[in-house]
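Just below is one structure, and these are the notes that go with it.
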Amino acid sequence: MFQRQADRFQTYEPTSPLDFLVFGDRVMVADVLKAMSQAQVSCVFVMEQGQLLGSFTETDVIRVCADGHDLDKLPLAQVMIPSVASLSEAEAADPIKVLEVFERFPVKYLPVISVDQYIRQMITREAAHQQGQPIARLKLKQVREVLTPQVLQVTPDQTLQQVAKSMSYQHQRYSVVVAPDTSAPIGVLTLGDLVQAQMLGYDFHSTMAAVIMSAPPKMVRPDDDLWTAYQTLQRYFLKNLVVVNEQGELAGIANLHQMIQLLNPIDLWQTVVSLQQTNTTTAIALEQSQRQVEASAYEKQRLHNEIMQATRELERLAYLDPLTQLANRRQFDQLLSQEWQRLRRDKQSLAVVLGDIDYFKEYNEHFGYSAGDKCLQQIGFAMAEATQRSPDIVSRYDGEVFALLLPNTDLAGAVMIVERMQQVIRQQQLKHPGSLVAEQITLSFGIATCIPSFGATFADLLTAADRAVYRAKEQGRNTYRVAVENEFTQKPKFKVLEPAELAAL
């Protein structure tokens, strides 16, 4: 009969709910079937003296029963399928290696055998494909496929004022500091670095780029695989990597978003599922590791770091728009709900702005969807640039619709911000031959403001902003319309003002 840790064969306490059993080759099939039924498993592995001999699955059960054998007198050795493949624990940790073994052998299950000859885990073909496919796609592609050669180069002796002007003029959020004599990258400067320097009181007219740049930069080569580059980005919490050629000279940058875009929507969803599975599996492993006396402190810390990294990646995917790196609709709605409750308590103004790109369908038809994506990125950057307060939130709300959350902002303040956005977008001079209102990209804006109260909801405020956008499109586009609280009736709660009414206010 089957017994754990019996002398005739080896088994173990698994790190997940038991999904297989281990028997010696002399155990009778009738006893095996009884144990499989009780444990509700579909696979049995056969081992003797630390050696994997074969397997016995539900498919084999049907075959044996059909042959009419006396199962009480039939040992496993006579009906098992001889084993042709297994994995070491090191091989099981590599998703690509697991997929290669499944491709080489026509098996449904692969046992993972430890150095002390115990079966520690069973991997199914389906699980291997779910875990490895997105990673495999990245390993098969090279950095050169996402390389952006046009990157702002600055020298270490340039002042922060000069760097800021160059970044603003070229609409760049990232610059590479290169050595003047060799053109080799020696550091990076981001828009965030300049903002932090401003907050810390650095003199932009006298401080050199070398003082605040991040050095040395994290670098890859064009022929490196994207999985290696992606792991480097995640390890150092970066969005860009510097790419250098064989001579060590700057070749461009590789962007995290471009790497993720190489995965089709199915693969991207599998990446999220894979991260969720990694998070759950690692959490279980950490809990068991804490119960084991022999578990080292280093291993515990490593597992903890994996959980935190997987959690951070899930949060990033859940709350950021992958194309523009702005807040997505989910994050915007949550923040709007929080600000509504806070400002209702403080009796302060709240404004919401929706901006819809005019004739964007025609823009995509004329230039193509790749250019359309780039246009959305530039519009998102321009709108973020026009908001100057940290509490203000810019979001890609839906397709070509952007949303702004402006706490403690009244009607005049919201109008001023929208007019500033229109100016910044005009300065970008994004040509739009398909537009019927201008020769370049324009937006129609809807502004809704109120002091939150118990008589309305934040959903009412959003609806009012949407009605205002619709009115702006009806009345010519490339303009804005304003919705304010209706003082005379409760239905509707907000009223969209005509231009003359707005001027009177």
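Residues in the structure tokens are named by chain (A, B, ... in the order shown) and by number from 1 within that chain; ligands are numbered from 1 in the order shown.
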(request) Compile the contact shell of stretch 234-245 of chain A as a PyMOL selection string: residues with an atom at most 6 Å away, counting only C-alpha atoms, same-chain residues fewer than 2 positions apart removed. (result) chain A and resi 218-221+231-232+247-256
(message) With DSSP run on the backbone, what are the helix (DSSP H, G or I) residues within stretch 50-197 of chain A? I'd like them as a ChimeraX atom specification.
(response) /A:58-67,71-73,76-78,89-92,95-104,125-139,143-146,160-169,191-197
(message) Give me the residues near A:Leu406 as a VMD selection string, where near means some atom within 7 Å (using only C-alpha atoms) and where sequence neighbours in that chain fewer than 2 positions away do not count.
(response) chain A and resid 350 to 352 392 to 393 404 408 to 409
(message) Give me the residues near A:Gln78 as a PyMOL selection string, where near means some atom within 12 Å (using only C-alpha atoms) and where sequence neighbours in that chain fewer than 5 positions away do not count.
(response) chain A and resi 25-29+46+53-56+60+64+69+71+73
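For the choices A:Tyr369, A:Ser88, A:Val79, A:Glu48, the atom-to-atom distance to A:Arg63 is smallest for A:Val79 when using only C-alpha atoms.
Residue nearest A:Leu323, chosen from A:Phe381, A:Trp227, A:Phe204, A:Tyr359 and counting only C-alpha atoms: A:Phe381.
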(request) Find the residues near A:Pro499: any atom within 12 Å, counting only C-alpha atoms, skip ones fewer than 4 places away on the same chain, and give them as a ChimeraX atom specification. (result) /A:468,471-472,475,479-483,503-505
(message) So the first atom is atom CA of A:Phe105 and the second is atom CA of A:Glu58; what is the distance between them in Å, to one decimal place?
(response) 18.6 Å
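Closest approach to A:Cys43 among A:Asp460, A:Asp223, A:Asp19, A:Glu89 is made by A:Asp19 (distances from only C-alpha atoms).
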(message) At a cut-off of 12 Å, using only C-alpha atoms, what residues contact A:Gln161? Leave out same-chain residues fewer than 4 positions from it and give the result as a list in words.
(response)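 Once the adjacent positions are removed, what remains is Val154, Asp157, Lys165, Ser166, Met167, Ser168, Leu194, Val195, Ala197, Gln198, Tyr202, Asp203, Phe204, His205, Ser206, Thr207, Met208 and Ala209 of chain A.
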So that I have them on file, write out the residues from the current selection with N, CA and C atoms, as a PDB file, in the first residue's frame.
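Wrote part_38.pdb, looks like this:
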```pdb
ATOM      1  N   VAL A 154      23.351  65.937 -24.042  1.00  0.00           N
ATOM      2  CA  VAL A 154      23.886  67.137 -23.395  1.00  0.00           C
ATOM      3  C   VAL A 154      25.282  66.804 -22.874  1.00  0.00           C
ATOM      4  N   ASP A 157      29.159  69.876 -18.825  1.00  0.00           N
ATOM      5  CA  ASP A 157      29.417  71.264 -18.430  1.00  0.00           C
ATOM      6  C   ASP A 157      28.285  72.210 -18.796  1.00  0.00           C
ATOM      7  N   LYS A 165      16.011  74.150 -21.264  1.00  0.00           N
ATOM      8  CA  LYS A 165      15.549  74.753 -22.515  1.00  0.00           C
ATOM      9  C   LYS A 165      15.557  73.731 -23.647  1.00  0.00           C
ATOM     10  N   SER A 166      16.614  72.935 -23.727  1.00  0.00           N
ATOM     11  CA  SER A 166      16.697  71.918 -24.786  1.00  0.00           C
ATOM     12  C   SER A 166      15.587  70.881 -24.648  1.00  0.00           C
ATOM     13  N   MET A 167      15.329  70.437 -23.412  1.00  0.00           N
ATOM     14  CA  MET A 167      14.280  69.435 -23.191  1.00  0.00           C
ATOM     15  C   MET A 167      12.910  70.005 -23.523  1.00  0.00           C
ATOM     16  N   SER A 168      12.674  71.271 -23.164  1.00  0.00           N
ATOM     17  CA  SER A 168      11.385  71.897 -23.451  1.00  0.00           C
ATOM     18  C   SER A 168      11.192  72.092 -24.946  1.00  0.00           C
ATOM     19  N   LEU A 194      15.226  67.426 -12.943  1.00  0.00           N
ATOM     20  CA  LEU A 194      15.203  68.889 -12.974  1.00  0.00           C
ATOM     21  C   LEU A 194      14.174  69.443 -11.995  1.00  0.00           C
ATOM     22  N   VAL A 195      13.019  68.783 -11.925  1.00  0.00           N
ATOM     23  CA  VAL A 195      11.993  69.231 -10.970  1.00  0.00           C
ATOM     24  C   VAL A 195      12.512  69.121  -9.542  1.00  0.00           C
ATOM     25  N   ALA A 197      15.650  69.149  -8.583  1.00  0.00           N
ATOM     26  CA  ALA A 197      16.692  70.158  -8.388  1.00  0.00           C
ATOM     27  C   ALA A 197      16.089  71.523  -8.099  1.00  0.00           C
ATOM     28  N   GLN A 198      14.982  71.830  -8.792  1.00  0.00           N
ATOM     29  CA  GLN A 198      14.297  73.104  -8.541  1.00  0.00           C
ATOM     30  C   GLN A 198      13.767  73.158  -7.116  1.00  0.00           C
ATOM     31  N   TYR A 202      18.545  74.428  -6.272  1.00  0.00           N
ATOM     32  CA  TYR A 202      19.730  74.587  -7.116  1.00  0.00           C
ATOM     33  C   TYR A 202      19.562  75.797  -8.037  1.00  0.00           C
ATOM     34  N   ASP A 203      20.649  76.534  -8.260  1.00  0.00           N
ATOM     35  CA  ASP A 203      20.661  77.666  -9.192  1.00  0.00           C
ATOM     36  C   ASP A 203      20.817  77.124 -10.610  1.00  0.00           C
ATOM     37  N   PHE A 204      19.758  77.233 -11.429  1.00  0.00           N
ATOM     38  CA  PHE A 204      19.788  76.666 -12.767  1.00  0.00           C
ATOM     39  C   PHE A 204      20.800  77.367 -13.674  1.00  0.00           C
ATOM     40  N   HIS A 205      21.150  78.628 -13.367  1.00  0.00           N
ATOM     41  CA  HIS A 205      22.064  79.375 -14.231  1.00  0.00           C
ATOM     42  C   HIS A 205      23.526  79.012 -13.982  1.00  0.00           C
ATOM     43  N   SER A 206      23.839  78.437 -12.819  1.00  0.00           N
ATOM     44  CA  SER A 206      25.241  78.145 -12.512  1.00  0.00           C
ATOM     45  C   SER A 206      25.524  76.659 -12.279  1.00  0.00           C
ATOM     46  N   THR A 207      24.503  75.869 -11.954  1.00  0.00           N
ATOM     47  CA  THR A 207      24.718  74.448 -11.671  1.00  0.00           C
ATOM     48  C   THR A 207      24.886  73.663 -12.966  1.00  0.00           C
ATOM     49  N   MET A 208      25.937  72.851 -13.036  1.00  0.00           N
ATOM     50  CA  MET A 208      26.216  72.047 -14.224  1.00  0.00           C
ATOM     51  C   MET A 208      25.438  70.728 -14.188  1.00  0.00           C
ATOM     52  N   ALA A 209      25.218  70.179 -15.371  1.00  0.00           N
ATOM     53  CA  ALA A 209      24.491  68.909 -15.484  1.00  0.00           C
ATOM     54  C   ALA A 209      25.188  67.798 -14.714  1.00  0.00           C
TER      55      ALA A 209
END
```
(request) Among the residues of stretch 118-162 of chain A, find those DSSP assigns to strand (DSSP E) from the backbone and print them as a list in words. (result) Ile119, Arg120, Gln121, Met122, Ile123, Thr124, Leu147, Thr148, Leu152, Gln153 and Val154 of chain A
(message) List as number ranges by chain the protein and nucleic acid residues near A:Arg396, meaning an atom at most 7 Å away when only C-alpha atoms are counted, but skip any in the same chain fewer than 6 places from it.
(response) A: 321, 326-329, 402-403
